[in-house]
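Q: Next comes the structure file input03.txt, holding compact mmCIF, C-alpha atoms and all ligand atoms.
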# COMPACT_ATOMS: atom_id res chain seq x y z
CA MET A 1 62.70 2.69 -3.12
CA SER A 2 62.65 2.38 -6.86
CA ALA A 3 62.31 -0.45 -9.32
CA ASP A 4 62.14 -1.21 -13.01
CA LEU A 5 58.62 -1.28 -14.36
CA VAL A 6 58.17 -3.71 -17.22
CA LEU A 7 54.87 -3.98 -19.08
CA ASP A 8 54.63 -6.91 -21.42
CA HIS A 9 51.91 -7.18 -24.05
CA LEU A 10 49.15 -5.67 -21.94
CA SER A 11 45.71 -5.97 -23.50
CA LYS A 12 42.37 -4.83 -22.16
CA ARG A 13 38.97 -4.58 -23.82
CA PHE A 14 36.04 -3.25 -21.83
CA PRO A 15 32.80 -5.23 -22.16
CA GLY A 16 30.81 -4.02 -25.16
CA ALA A 17 33.64 -1.78 -26.45
CA ARG A 18 34.29 -1.90 -30.20
CA SER A 19 38.05 -1.60 -29.83
CA ALA A 20 40.64 -2.49 -27.25
CA ALA A 21 41.59 0.10 -24.61
CA LEU A 22 45.03 -1.54 -24.49
CA ASP A 23 46.37 -3.53 -27.41
CA ALA A 24 49.43 -5.69 -26.65
CA LEU A 25 51.23 -2.70 -25.16
CA SER A 26 54.81 -3.31 -24.01
CA LEU A 27 56.88 -0.63 -22.28
CA THR A 28 59.84 -0.58 -19.92
CA VAL A 29 60.49 2.25 -17.49
CA ALA A 30 63.90 1.93 -15.85
CA ALA A 31 64.21 2.40 -12.09
CA ARG A 32 64.44 6.05 -10.98
CA THR A 33 63.47 7.37 -14.43
CA CYS A 34 60.35 9.18 -15.55
CA THR A 35 58.44 8.32 -18.72
CA ALA A 36 55.69 10.62 -19.91
CA VAL A 37 52.81 8.96 -21.73
CA LEU A 38 51.25 11.16 -24.39
CA GLY A 39 48.32 10.33 -26.61
CA PRO A 40 44.99 11.60 -27.83
CA SER A 41 41.87 11.45 -25.69
CA GLY A 42 40.61 7.89 -25.34
CA SER A 43 43.91 6.32 -26.40
CA GLY A 44 44.14 4.19 -23.26
CA LYS A 45 46.49 6.23 -21.06
CA SER A 46 44.38 6.12 -17.90
CA THR A 47 43.57 2.47 -18.44
CA LEU A 48 47.29 1.78 -18.67
CA LEU A 49 47.93 3.45 -15.30
CA ARG A 50 44.96 1.70 -13.71
CA VAL A 51 46.22 -1.68 -14.90
CA ILE A 52 49.70 -0.95 -13.50
CA ALA A 53 48.15 0.12 -10.20
CA GLY A 54 45.99 -3.00 -9.99
CA LEU A 55 42.73 -1.03 -10.20
CA GLU A 56 41.91 -2.76 -13.48
CA THR A 57 42.70 -6.34 -14.51
CA PRO A 58 44.24 -6.83 -17.96
CA ASP A 59 42.81 -9.50 -20.29
CA ALA A 60 46.37 -10.49 -21.17
CA GLY A 61 49.93 -9.47 -20.50
CA THR A 62 51.98 -8.85 -17.38
CA VAL A 63 53.10 -6.00 -15.15
CA ARG A 64 56.47 -6.54 -13.48
CA ILE A 65 57.84 -4.29 -10.78
CA GLY A 66 61.43 -4.96 -9.76
CA GLY A 67 61.27 -8.23 -11.70
CA ARG A 68 58.18 -9.49 -9.87
CA ASP A 69 54.93 -10.20 -11.68
CA VAL A 70 52.43 -8.14 -9.66
CA GLY A 71 49.37 -9.60 -11.42
CA PRO A 72 48.31 -11.63 -8.38
CA ILE A 73 49.03 -8.78 -5.94
CA VAL A 74 46.23 -6.45 -4.84
CA ALA A 75 46.53 -2.72 -5.52
CA GLU A 76 47.42 -1.76 -1.93
CA ARG A 77 50.39 -4.11 -1.84
CA ARG A 78 51.95 -3.42 -5.22
CA GLY A 79 54.23 -0.62 -4.08
CA VAL A 80 52.49 1.73 -6.50
CA GLY A 81 51.33 5.24 -5.65
CA MET A 82 48.88 7.15 -7.78
CA VAL A 83 47.92 10.80 -8.11
CA PHE A 84 44.95 11.86 -10.23
CA GLN A 85 43.83 15.13 -11.80
CA ARG A 86 41.53 15.62 -8.81
CA SER A 87 43.17 14.95 -5.49
CA LEU A 88 40.53 12.62 -3.94
CA LEU A 89 41.60 13.67 -0.45
CA PHE A 90 39.30 12.94 2.49
CA PRO A 91 37.51 16.25 3.10
CA HIS A 92 36.70 15.53 6.75
CA LEU A 93 40.33 14.88 7.74
CA THR A 94 43.12 17.37 8.29
CA VAL A 95 45.92 17.57 5.78
CA ARG A 96 48.19 15.70 8.19
CA ASP A 97 45.71 12.88 8.76
CA ASN A 98 45.09 12.53 5.03
CA ILE A 99 48.77 11.80 4.60
CA ALA A 100 48.95 9.62 7.73
CA PHE A 101 45.88 7.61 6.69
CA ALA A 102 47.64 4.69 5.02
CA ASP A 103 50.10 4.27 7.90
CA ARG A 104 47.24 4.31 10.40
CA VAL A 105 45.35 1.66 8.41
CA ALA A 106 48.57 -0.38 8.35
CA GLY A 107 48.58 -0.30 12.17
CA MET A 108 51.12 2.44 12.89
CA SER A 109 50.53 4.51 16.04
CA ARG A 110 48.87 7.87 15.56
CA THR A 111 51.95 9.78 16.75
CA ALA A 112 54.35 7.90 14.50
CA ALA A 113 52.05 8.21 11.49
CA ARG A 114 51.64 11.95 12.05
CA THR A 115 55.37 12.44 12.43
CA ARG A 116 55.94 10.72 9.12
CA ALA A 117 53.17 12.79 7.56
CA GLU A 118 54.99 15.96 8.60
CA GLU A 119 58.13 14.75 6.83
CA TYR A 120 56.23 14.32 3.58
CA LEU A 121 54.45 17.64 4.02
CA ALA A 122 57.86 19.26 4.26
CA MET A 123 58.96 17.41 1.12
CA VAL A 124 56.09 18.96 -0.84
CA GLN A 125 56.92 22.34 0.70
CA LEU A 126 53.79 22.55 2.86
CA ALA A 127 55.40 22.40 6.30
CA GLY A 128 53.01 24.03 8.76
CA TYR A 129 49.85 23.10 6.82
CA GLY A 130 49.18 19.89 8.74
CA ASP A 131 46.25 21.22 10.80
CA ARG A 132 44.35 22.66 7.84
CA ARG A 133 41.22 21.12 6.43
CA VAL A 134 41.39 20.04 2.83
CA GLY A 135 38.66 22.56 1.96
CA GLU A 136 40.97 25.39 2.98
CA LEU A 137 43.60 24.50 0.40
CA SER A 138 44.11 25.94 -3.08
CA GLY A 139 44.09 23.55 -6.03
CA GLY A 140 47.88 23.51 -6.19
CA GLN A 141 48.20 22.86 -2.46
CA GLU A 142 45.70 20.03 -2.72
CA GLN A 143 47.78 18.36 -5.40
CA ARG A 144 50.87 18.76 -3.25
CA VAL A 145 49.06 16.97 -0.41
CA ALA A 146 47.91 14.25 -2.81
CA ILE A 147 51.53 13.76 -3.87
CA ALA A 148 52.68 13.69 -0.23
CA ARG A 149 50.02 11.10 0.55
CA ALA A 150 51.15 8.93 -2.36
CA LEU A 151 54.82 9.25 -1.37
CA ALA A 152 54.15 8.43 2.29
CA ALA A 153 53.44 4.86 1.19
CA GLU A 154 57.04 4.77 -0.16
CA PRO A 155 55.98 3.50 -3.57
CA ALA A 156 58.57 2.01 -5.90
CA VAL A 157 56.46 3.30 -8.77
CA LEU A 158 54.59 6.60 -8.80
CA LEU A 159 51.79 6.99 -11.34
CA LEU A 160 50.62 10.49 -12.16
CA ASP A 161 47.42 10.80 -14.21
CA GLU A 162 47.21 14.39 -15.52
CA PRO A 163 47.97 15.63 -12.01
CA PHE A 164 48.55 19.26 -12.98
CA SER A 165 46.08 19.76 -15.81
CA ALA A 166 43.59 21.67 -13.65
CA LEU A 167 46.24 24.13 -12.44
CA ASP A 168 47.12 27.45 -14.02
CA PRO A 169 50.43 27.70 -15.94
CA ALA A 170 52.46 29.34 -13.15
CA LEU A 171 51.38 26.71 -10.62
CA ARG A 172 52.15 23.97 -13.11
CA THR A 173 55.70 25.21 -13.41
CA ASP A 174 55.98 25.13 -9.60
CA MET A 175 54.73 21.55 -9.64
CA HIS A 176 57.31 20.59 -12.25
CA ASP A 177 60.01 22.00 -9.97
CA LEU A 178 58.49 20.08 -7.07
CA LEU A 179 58.63 16.84 -9.04
CA ALA A 180 62.32 17.45 -9.73
CA THR A 181 62.89 17.95 -5.98
CA ILE A 182 60.99 14.76 -5.16
CA ARG A 183 62.97 12.83 -7.71
CA ARG A 184 66.20 13.95 -6.09
CA ALA A 185 64.92 13.06 -2.61
CA VAL A 186 63.22 9.68 -3.14
CA SER A 187 63.67 8.81 -6.86
CA PRO A 188 60.62 6.66 -7.50
CA THR A 189 60.08 5.28 -10.98
CA ILE A 190 57.49 7.63 -12.48
CA VAL A 191 54.90 7.26 -15.22
CA LEU A 192 53.27 10.61 -15.99
CA VAL A 193 50.19 10.76 -18.19
CA THR A 194 49.77 14.18 -19.73
CA HIS A 195 48.17 15.92 -22.70
CA ASP A 196 50.86 18.56 -22.58
CA ARG A 197 53.99 17.81 -24.60
CA ASP A 198 55.85 20.74 -23.07
CA GLU A 199 55.16 19.33 -19.62
CA ALA A 200 56.37 15.93 -20.83
CA ALA A 201 59.56 17.48 -22.20
CA ARG A 202 60.20 19.41 -19.01
CA VAL A 203 59.54 16.63 -16.53
CA ALA A 204 60.28 13.30 -18.17
CA ASP A 205 63.41 11.49 -19.30
CA ARG A 206 61.57 9.57 -21.99
CA ILE A 207 58.34 9.88 -23.90
CA ALA A 208 55.95 7.08 -24.83
CA VAL A 209 53.23 7.85 -27.36
CA VAL A 210 50.10 5.71 -27.37
CA GLU A 211 47.20 5.64 -29.76
CA ASP A 212 44.32 3.18 -29.83
CA GLY A 213 45.89 1.36 -26.90
CA ALA A 214 49.11 0.62 -28.76
CA LEU A 215 52.58 2.05 -28.32
CA LEU A 216 53.48 4.19 -31.36
CA HIS A 217 56.81 5.48 -30.12
CA GLU A 218 59.14 5.25 -27.14
CA GLY A 219 62.38 7.13 -26.79
CA SER A 220 64.24 10.08 -25.34
CA VAL A 221 62.51 13.44 -25.22
CA ALA A 222 64.79 14.72 -28.00
CA ASP A 223 63.93 11.75 -30.22
CA ALA A 224 60.19 12.23 -29.79
CA TYR A 225 60.58 15.79 -31.09
CA ARG A 226 63.26 15.31 -33.70
CA ARG A 227 63.24 11.62 -34.67
CA PRO A 228 59.56 10.60 -34.37
CA ARG A 229 58.78 7.15 -35.65
CA THR A 230 55.66 8.14 -37.56
CA LEU A 231 53.86 11.18 -38.91
CA GLN A 232 51.24 10.79 -36.16
CA VAL A 233 53.93 11.04 -33.49
CA ALA A 234 55.45 14.10 -35.21
CA ARG A 235 52.06 15.82 -35.19
CA LEU A 236 51.36 14.89 -31.60
CA MET A 237 54.71 16.45 -30.66
CA GLY A 238 53.65 19.66 -32.37
CA GLY A 239 55.78 19.35 -35.51
CA ARG A 240 54.35 21.68 -38.19
CA ASN A 241 56.54 21.19 -41.26
CA GLU A 242 55.67 18.25 -43.49
CA ILE A 243 57.12 18.06 -46.99
CA PRO A 244 55.71 15.16 -49.02
CA GLY A 245 58.03 13.46 -51.51
CA ARG A 246 60.13 10.34 -51.96
CA VAL A 247 63.33 8.96 -50.53
CA VAL A 248 65.73 8.09 -53.33
CA GLY A 249 69.07 6.79 -52.01
CA ASP A 250 70.26 9.24 -49.38
CA ARG A 251 68.09 12.11 -50.59
CA HIS A 252 64.52 13.23 -50.02
CA VAL A 253 63.16 14.49 -53.32
CA SER A 254 60.19 16.87 -53.44
CA VAL A 255 58.96 19.96 -55.24
CA LEU A 256 61.22 21.91 -52.89
CA GLY A 257 64.39 20.10 -53.96
CA ARG A 258 66.70 17.24 -53.10
CA PHE A 259 67.71 17.28 -49.46
CA PRO A 260 70.21 14.94 -47.82
CA VAL A 261 68.71 12.70 -45.16
CA ARG A 262 70.60 10.62 -42.65
CA GLN A 263 70.56 6.88 -43.04
CA THR A 264 66.95 5.84 -42.81
CA ALA A 265 64.94 2.67 -43.07
CA VAL A 266 62.31 4.61 -45.01
CA GLU A 267 62.15 4.08 -48.76
CA GLY A 268 59.78 5.33 -51.43
CA ASP A 269 56.99 7.76 -50.52
CA ALA A 270 58.15 9.70 -47.49
CA VAL A 271 57.46 12.91 -45.64
CA LEU A 272 60.39 15.14 -44.81
CA LEU A 273 60.06 16.69 -41.35
CA VAL A 274 61.91 19.64 -39.92
CA ARG A 275 60.93 21.23 -36.62
CA GLN A 276 59.83 24.84 -36.95
CA GLU A 277 62.28 25.83 -34.19
CA ASP A 278 65.18 24.34 -36.20
CA VAL A 279 64.45 26.34 -39.37
CA LEU A 280 66.73 29.37 -39.69
CA LEU A 281 65.54 32.57 -41.32
CA ALA A 282 67.97 34.25 -43.72
CA GLU A 283 68.04 37.30 -45.92
CA PRO A 284 67.46 36.29 -49.56
CA ASP A 285 70.57 36.17 -51.76
CA THR A 286 72.95 35.72 -48.83
CA PRO A 287 75.45 32.81 -48.85
CA VAL A 288 73.92 29.46 -47.88
CA PRO A 289 75.78 27.57 -45.13
CA ALA A 290 77.26 24.27 -46.36
CA THR A 291 75.35 22.43 -43.63
CA ALA A 292 71.90 23.61 -44.73
CA SER A 293 69.63 23.84 -47.77
CA ARG A 294 67.98 27.14 -48.67
CA ILE A 295 64.34 27.57 -49.69
CA GLU A 296 63.17 30.94 -51.00
CA ALA A 297 59.70 31.96 -49.81
CA MET A 298 57.33 34.78 -48.99
CA VAL A 299 56.21 35.57 -45.43
CA THR A 300 52.42 35.19 -45.16
CA ASP A 301 51.82 35.42 -41.41
CA VAL A 302 53.69 36.50 -38.30
CA ARG A 303 52.36 35.82 -34.82
CA ARG A 304 53.84 36.55 -31.44
CA ALA A 305 53.84 33.54 -29.11
CA GLY A 306 55.40 34.59 -25.83
CA ALA A 307 59.12 35.18 -26.20
CA ARG A 308 59.23 33.87 -29.75
CA THR A 309 57.49 34.73 -33.00
CA ASP A 310 55.84 32.16 -35.27
CA VAL A 311 56.50 32.89 -38.93
CA THR A 312 54.50 31.25 -41.72
CA VAL A 313 55.82 31.33 -45.28
CA ARG A 314 54.69 30.14 -48.69
CA THR A 315 57.07 28.91 -51.36
CA PRO A 316 56.51 29.72 -55.07
CA ASP A 317 54.94 26.26 -55.60
CA GLY A 318 52.48 26.83 -52.74
CA THR A 319 54.10 24.81 -49.96
CA VAL A 320 53.41 26.32 -46.54
CA LEU A 321 56.21 26.13 -43.97
CA HIS A 322 56.70 27.39 -40.45
CA ALA A 323 59.67 28.84 -38.62
CA GLU A 324 60.28 30.52 -35.31
CA ALA A 325 61.99 33.90 -35.21
CA PRO A 326 63.55 35.53 -32.19
CA GLY A 327 61.27 38.11 -30.61
CA THR A 328 63.41 40.99 -31.81
CA ALA A 329 62.97 42.31 -35.36
CA PRO A 330 60.81 39.52 -36.82
CA PRO A 331 59.98 39.70 -40.54
CA ILE A 332 56.65 41.09 -41.71
CA PRO A 333 54.05 39.61 -44.08
CA GLY A 334 55.00 40.20 -47.70
CA ASP A 335 58.76 39.98 -47.04
CA ALA A 336 60.80 37.76 -49.34
CA ILE A 337 62.82 35.49 -47.08
CA GLY A 338 65.21 32.54 -47.15
CA LEU A 339 64.60 29.47 -45.00
CA ASP A 340 67.70 27.46 -44.19
CA LEU A 341 66.92 23.86 -43.32
CA PRO A 342 69.91 22.48 -41.37
CA HIS A 343 70.74 19.02 -42.72
CA ALA A 344 71.20 17.66 -39.20
CA ALA A 345 67.59 18.63 -38.42
CA LEU A 346 66.02 16.79 -41.37
CA HIS A 347 64.14 13.59 -40.65
CA VAL A 348 61.96 11.40 -42.84
CA VAL A 349 59.02 9.17 -41.97
CA ALA A 350 56.97 6.91 -44.19
CA ALA A 351 54.13 8.75 -45.94
N1 LIG B 401 35.45 1.56 -17.12
C1 LIG B 401 35.31 1.59 -18.45
N2 LIG B 401 34.30 0.96 -19.07
C2 LIG B 401 34.16 0.97 -20.40
N3 LIG B 401 35.02 1.59 -21.24
C3 LIG B 401 36.05 2.24 -20.69
C4 LIG B 401 36.25 2.28 -19.27
N4 LIG B 401 37.38 3.01 -19.03
C5 LIG B 401 37.85 3.40 -20.23
N5 LIG B 401 37.06 2.94 -21.22
C6 LIG B 401 37.30 3.13 -22.68
O1 LIG B 401 38.62 2.71 -22.96
C7 LIG B 401 39.24 3.58 -23.90
C8 LIG B 401 40.49 4.19 -23.29
O2 LIG B 401 40.13 5.06 -22.24
P1 LIG B 401 41.18 5.80 -21.32
O3 LIG B 401 40.39 6.55 -20.28
O4 LIG B 401 42.18 4.82 -20.84
O5 LIG B 401 41.85 6.80 -22.34
P2 LIG B 401 42.74 8.08 -22.05
O6 LIG B 401 43.81 8.05 -23.06
O7 LIG B 401 43.15 8.11 -20.63
O8 LIG B 401 41.73 9.26 -22.35
P3 LIG B 401 41.72 10.77 -21.78
O9 LIG B 401 42.98 11.40 -22.26
O10 LIG B 401 40.50 11.36 -22.39
O11 LIG B 401 41.64 10.66 -20.28
C9 LIG B 401 38.18 4.63 -24.27
O12 LIG B 401 37.55 4.20 -25.45
C10 LIG B 401 37.24 4.59 -23.08
O13 LIG B 401 35.95 4.96 -23.48
Now, as a test, write the supplied structure out as structure tokens.
Ligand SMILES: Nc1ncnc2c1ncn2[C@@H]1O[C@H](COP(=O)(O)OP(=O)(O)OP(=O)(O)O)[C@@H](O)[C@H]1O
A:
Amino acid sequence: MSADLVLDHLSKRFPGARSAALDALSLTVAARTCTAVLGPSGSGKSTLLRVIAGLETPDAGTVRIGGRDVGPIVAERRGVGMVFQRSLLFPHLTVRDNIAFADRVAGMSRTAARTRAEEYLAMVQLAGYGDRRVGELSGGQEQRVAIARALAAEPAVLLLDEPFSALDPALRTDMHDLLATIRRAVSPTIVLVTHDRDEAARVADRIAVVEDGALLHEGSVADAYRRPRTLQVARLMGGRNEIPGRVVGDRHVSVLGRFPVRQTAVEGDAVLLVRQEDVLLAEPDTPVPATASRIEAMVTDVRRAGARTDVTVRTPDGTVLHAEAPGTAPPIPGDAIGLDLPHAALHVVAA
């Protein structure tokens, strides 16, 4: 069970609101793929999911699932499952009966519904938990049950609204693995709303960035990081290096120099972007690779961040840049250092 999800010019303005929660937003999620929706707080992400699910009616635009306009179809019959940050399980029912609930309402016998529930419990790796009360579960287990309950309805489209944001980092990683398992087993089309770009990169095939209810960017995970459409998208994806200047022909010209940029639609004032993880640190006065441009700088700050080390440098003209060093033998503040910017990693956006 999987289907293309096509959103066409969805608009929604809540009564009395100054701006639209959704503003002519169009997005296609291909069957069996996962798109992560990233965006600042209040950008319309939850509203988008609620409109897809049929919990909210758009003022304009259409939602198509498997080619069918689901506008006239009530939420329960859309073939859409939804999991929220909080599980919203029925506290008075057992885990098994929470999952079996929809089948029972649809008229299935208790035995058959419970048998199916056990299958989905096994899928979320909670076999044997069927008799427990919801109150006896940990937060991570509760979310697993919520996912099982959503999957038991065999949705063509699974909507996940910050489902793991209340979990600690280790549990989140487990949930990401679980999602991968589920995708292999039942491959629903997934839209995942998250604040966490690392989660998006780990779980999704594509990333959609929304702001003020509008789609700013849609593309592969790699593109969102390395070929963002706008400066806003670059920042939202955690890009830290912004070099203001101008595009002249096939070069970006700034106080730091003239750097080759790949064919770009951007002309005139433009910001050169290079991901901090793509910048290579070099000893000063060593040969510069032909595929990179060297900037000489002084290390101003070095911070450990897990396995890597964040290095901040300042160039003689005062530009601050960031690089990531391997954990072993990072530089120290005060060191003179070379930064090699690989040409393939350079990207420009309009200023
Ligand atoms: N039921 C509602 N009534 C009135 N305004 C609403 C309602 N739901 C959402 N809004 C408004 O619509 C806009 C988008 O909200 P939405 O919850 O979709 O954003 P979001 O991106 O999911 O935010 P967050 O990341 O904080 O959850 C906000 O300005 C919000 O205040």
Q: Using all atoms listed in the file, can you tell me which of A:Arg78, A:Arg86, A:Arg183, A:His195 comes closest to ligand LIG 401 (chain B)?
A: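 Comparing A:Arg78, A:Arg86, A:Arg183, A:His195 against ligand LIG 401 (chain B), the winner is A:His195.
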Q: So that I can check the surroundings of Leu216 in chain A, please list as a PDB file with C-alpha atoms, in the coordinates of the input every protein, DNA and RNA residue that reaches within 8 Å of it, counting all atoms listed in the file and ignoring chain neighbours fewer than 3 positions away.
A:
ATOM      1  CA  ALA A 208      55.950   7.080 -24.830  1.00  0.00           C
ATOM      2  CA  VAL A 209      53.230   7.850 -27.360  1.00  0.00           C
ATOM      3  CA  VAL A 210      50.100   5.710 -27.370  1.00  0.00           C
ATOM      4  CA  GLU A 211      47.200   5.640 -29.760  1.00  0.00           C
ATOM      5  CA  ARG A 229      58.780   7.150 -35.650  1.00  0.00           C
ATOM      6  CA  THR A 230      55.660   8.140 -37.560  1.00  0.00           C
ATOM      7  CA  VAL A 233      53.930  11.040 -33.490  1.00  0.00           C
TER       8      VAL A 233
END
Q: Around ligand LIG 401 (chain B), at most 10 Å away and counting only C-alpha atoms and all ligand atoms, which residues are there? Put them as a PyMOL selection string, please.
A: chain A and resi 12-22+37-51+56+85+161-162+193-195+210-213
Q: For Ala30 in chain A, which of A:Gly249, A:Gly140, A:Pro260, A:Gly66 is the closest residue, counting only C-alpha atoms?
A: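 Looking only at the distances to Ala30 in chain A, the closest residue turns out to be A:Gly66.
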Q: Restricting the calculation to all atoms listed in the file, which member of A:Ala344, A:Val70, A:Val105, A:Ala323 is positioned closest to Ala290 in chain A?
A: A:Ala344
Q: Using CA of Pro155 in chain A and CA of Pro188 in chain A as the two end points, give the distance in Å to one decimal.
A: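 A separation of 6.9 Å between them.
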Q: Neighbouring residues of Val83 in chain A were defined as those with any atom within 12 Å, considering all atoms listed in the file; residues of the same chain fewer than 3 positions away were excluded. Please report them as a PyMOL selection string.
A: chain A and resi 46+49-50+53+80+86-89+142-151+155+157-165+190-193
Q: Quick one: pull the distance between CA of Arg275 in chain A and CA of Ala350 in chain A, Å, one decimal.
A: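 Going from CA of Arg275 in chain A over to CA of Ala350 in chain A covers 16.7 Å.
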Q: Find the distance between CA of Asp285 in chain A and CA of Phe259 in chain A and write it in Å to one decimal.
A: 19.2 Å
Q: Using only C-alpha atoms, collect all residues at a distance of at most 10 Å from (53.1, -11.1, -19.4) as written in the file, then present them as a PyMOL selection string.
A: chain A and resi 6-11+24+26+58+60-64+69+71
Q: What are the nearest atom pairs, with distances in Å to one decimal, for all residues of range 239-295 of chain A that come at most 9 Å from range 301-317 of chain A, using only C-alpha atoms, set out by chain and rising residue number as a Markdown table?
A:
| residue | atom | partner | partner_atom | distance |
| --- | --- | --- | --- | --- |
| A:Val255 | CA | A:Asp317 | CA | 7.5 |
| A:Leu256 | CA | A:Asp317 | CA | 8.1 |
| A:Gln276 | CA | A:Asp310 | CA | 8.5 |
| A:Ile295 | CA | A:Thr315 | CA | 7.6 |
Q: Write out, as a CSV table (one decimal), in the frame of the given file, the residues just selected, with C-alpha atoms.
A:
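Output file again-v1.csv follows:
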chain,number,residue,atom,x,y,z
A,255,VAL,CA,59.0,20.0,-55.2
A,256,LEU,CA,61.2,21.9,-52.9
A,276,GLN,CA,59.8,24.8,-37.0
A,295,ILE,CA,64.3,27.6,-49.7
Q: List the neighbours of Tyr225 in chain A out to 8 Å using all atoms listed in the file; skip same-chain residues closer than 3 positions along the sequence, and give me the result as a list in words.
A: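 The filter keeps Val221, Ala222, Pro228, Ala234, Met237, Gly239 and Arg275 of chain A.
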Q: Check the smallest atom-to-atom distance from each of A:Met123, A:Ala36, A:His176, A:Asp59 to Ile207 in chain A using all atoms listed in the file, then report the winner.
A: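 Result for the nearest residue to Ile207 in chain A: A:Ala36.
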Q: Could you check the closest approach to Gln232 in chain A for each of A:Glu283, A:Gly219, A:Val299, A:Val271 and tell me which residue wins, using only C-alpha atoms?
A: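 With only C-alpha atoms as the atom set, the closest residue is A:Val271.
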Q: So which one's closest to Asp23 in chain A, A:Ser2, A:Asp131, A:Glu118, A:Leu215? Using all atoms listed in the file, please.
A: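 Of all the options, A:Leu215 lies closest to Asp23 in chain A.
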Q: Around the point (68.7, 15.5, -50.7) (coordinates from the file), which residues reach within 12 Å if we count only C-alpha atoms? Answer as a count of residues only.
A: 31
Q: Set the distance at 12 Å and use only C-alpha atoms: which residues neighbour Arg116 in chain A once local chain neighbours fewer than 2 positions away are removed? I'd like the list as a list in words.
A: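 Answer for this query is Arg96, Asp97, Asn98, Ile99, Ala100, Phe101, Ala102, Asp103, Arg104, Met108, Ser109, Arg110, Thr111, Ala112, Ala113, Arg114, Glu118, Glu119, Tyr120, Leu121, Ala122, Met123, Gly130, Ala148, Arg149, Leu151, Ala152, Ala153 and Glu154 of chain A.
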Q: Those same residues, written as a short mmCIF file (atom, residue, chain, number, x, y, z; two decimals), keeping the file's coordinate frame with C-alpha atoms?
A:
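Once written, part-v8.cif looks like this:
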data_model
loop_
_atom_site.label_atom_id
_atom_site.label_comp_id
_atom_site.auth_asym_id
_atom_site.auth_seq_id
_atom_site.Cartn_x
_atom_site.Cartn_y
_atom_site.Cartn_z
CA ARG A 96 48.19 15.70 8.19
CA ASP A 97 45.71 12.88 8.76
CA ASN A 98 45.09 12.53 5.03
CA ILE A 99 48.77 11.80 4.60
CA ALA A 100 48.95 9.62 7.73
CA PHE A 101 45.88 7.61 6.69
CA ALA A 102 47.64 4.69 5.02
CA ASP A 103 50.10 4.27 7.90
CA ARG A 104 47.24 4.31 10.40
CA MET A 108 51.12 2.44 12.89
CA SER A 109 50.53 4.51 16.04
CA ARG A 110 48.87 7.87 15.56
CA THR A 111 51.95 9.78 16.75
CA ALA A 112 54.35 7.90 14.50
CA ALA A 113 52.05 8.21 11.49
CA ARG A 114 51.64 11.95 12.05
CA GLU A 118 54.99 15.96 8.60
CA GLU A 119 58.13 14.75 6.83
CA TYR A 120 56.23 14.32 3.58
CA LEU A 121 54.45 17.64 4.02
CA ALA A 122 57.86 19.26 4.26
CA MET A 123 58.96 17.41 1.12
CA GLY A 130 49.18 19.89 8.74
CA ALA A 148 52.68 13.69 -0.23
CA ARG A 149 50.02 11.10 0.55
CA LEU A 151 54.82 9.25 -1.37
CA ALA A 152 54.15 8.43 2.29
CA ALA A 153 53.44 4.86 1.19
CA GLU A 154 57.04 4.77 -0.16
#
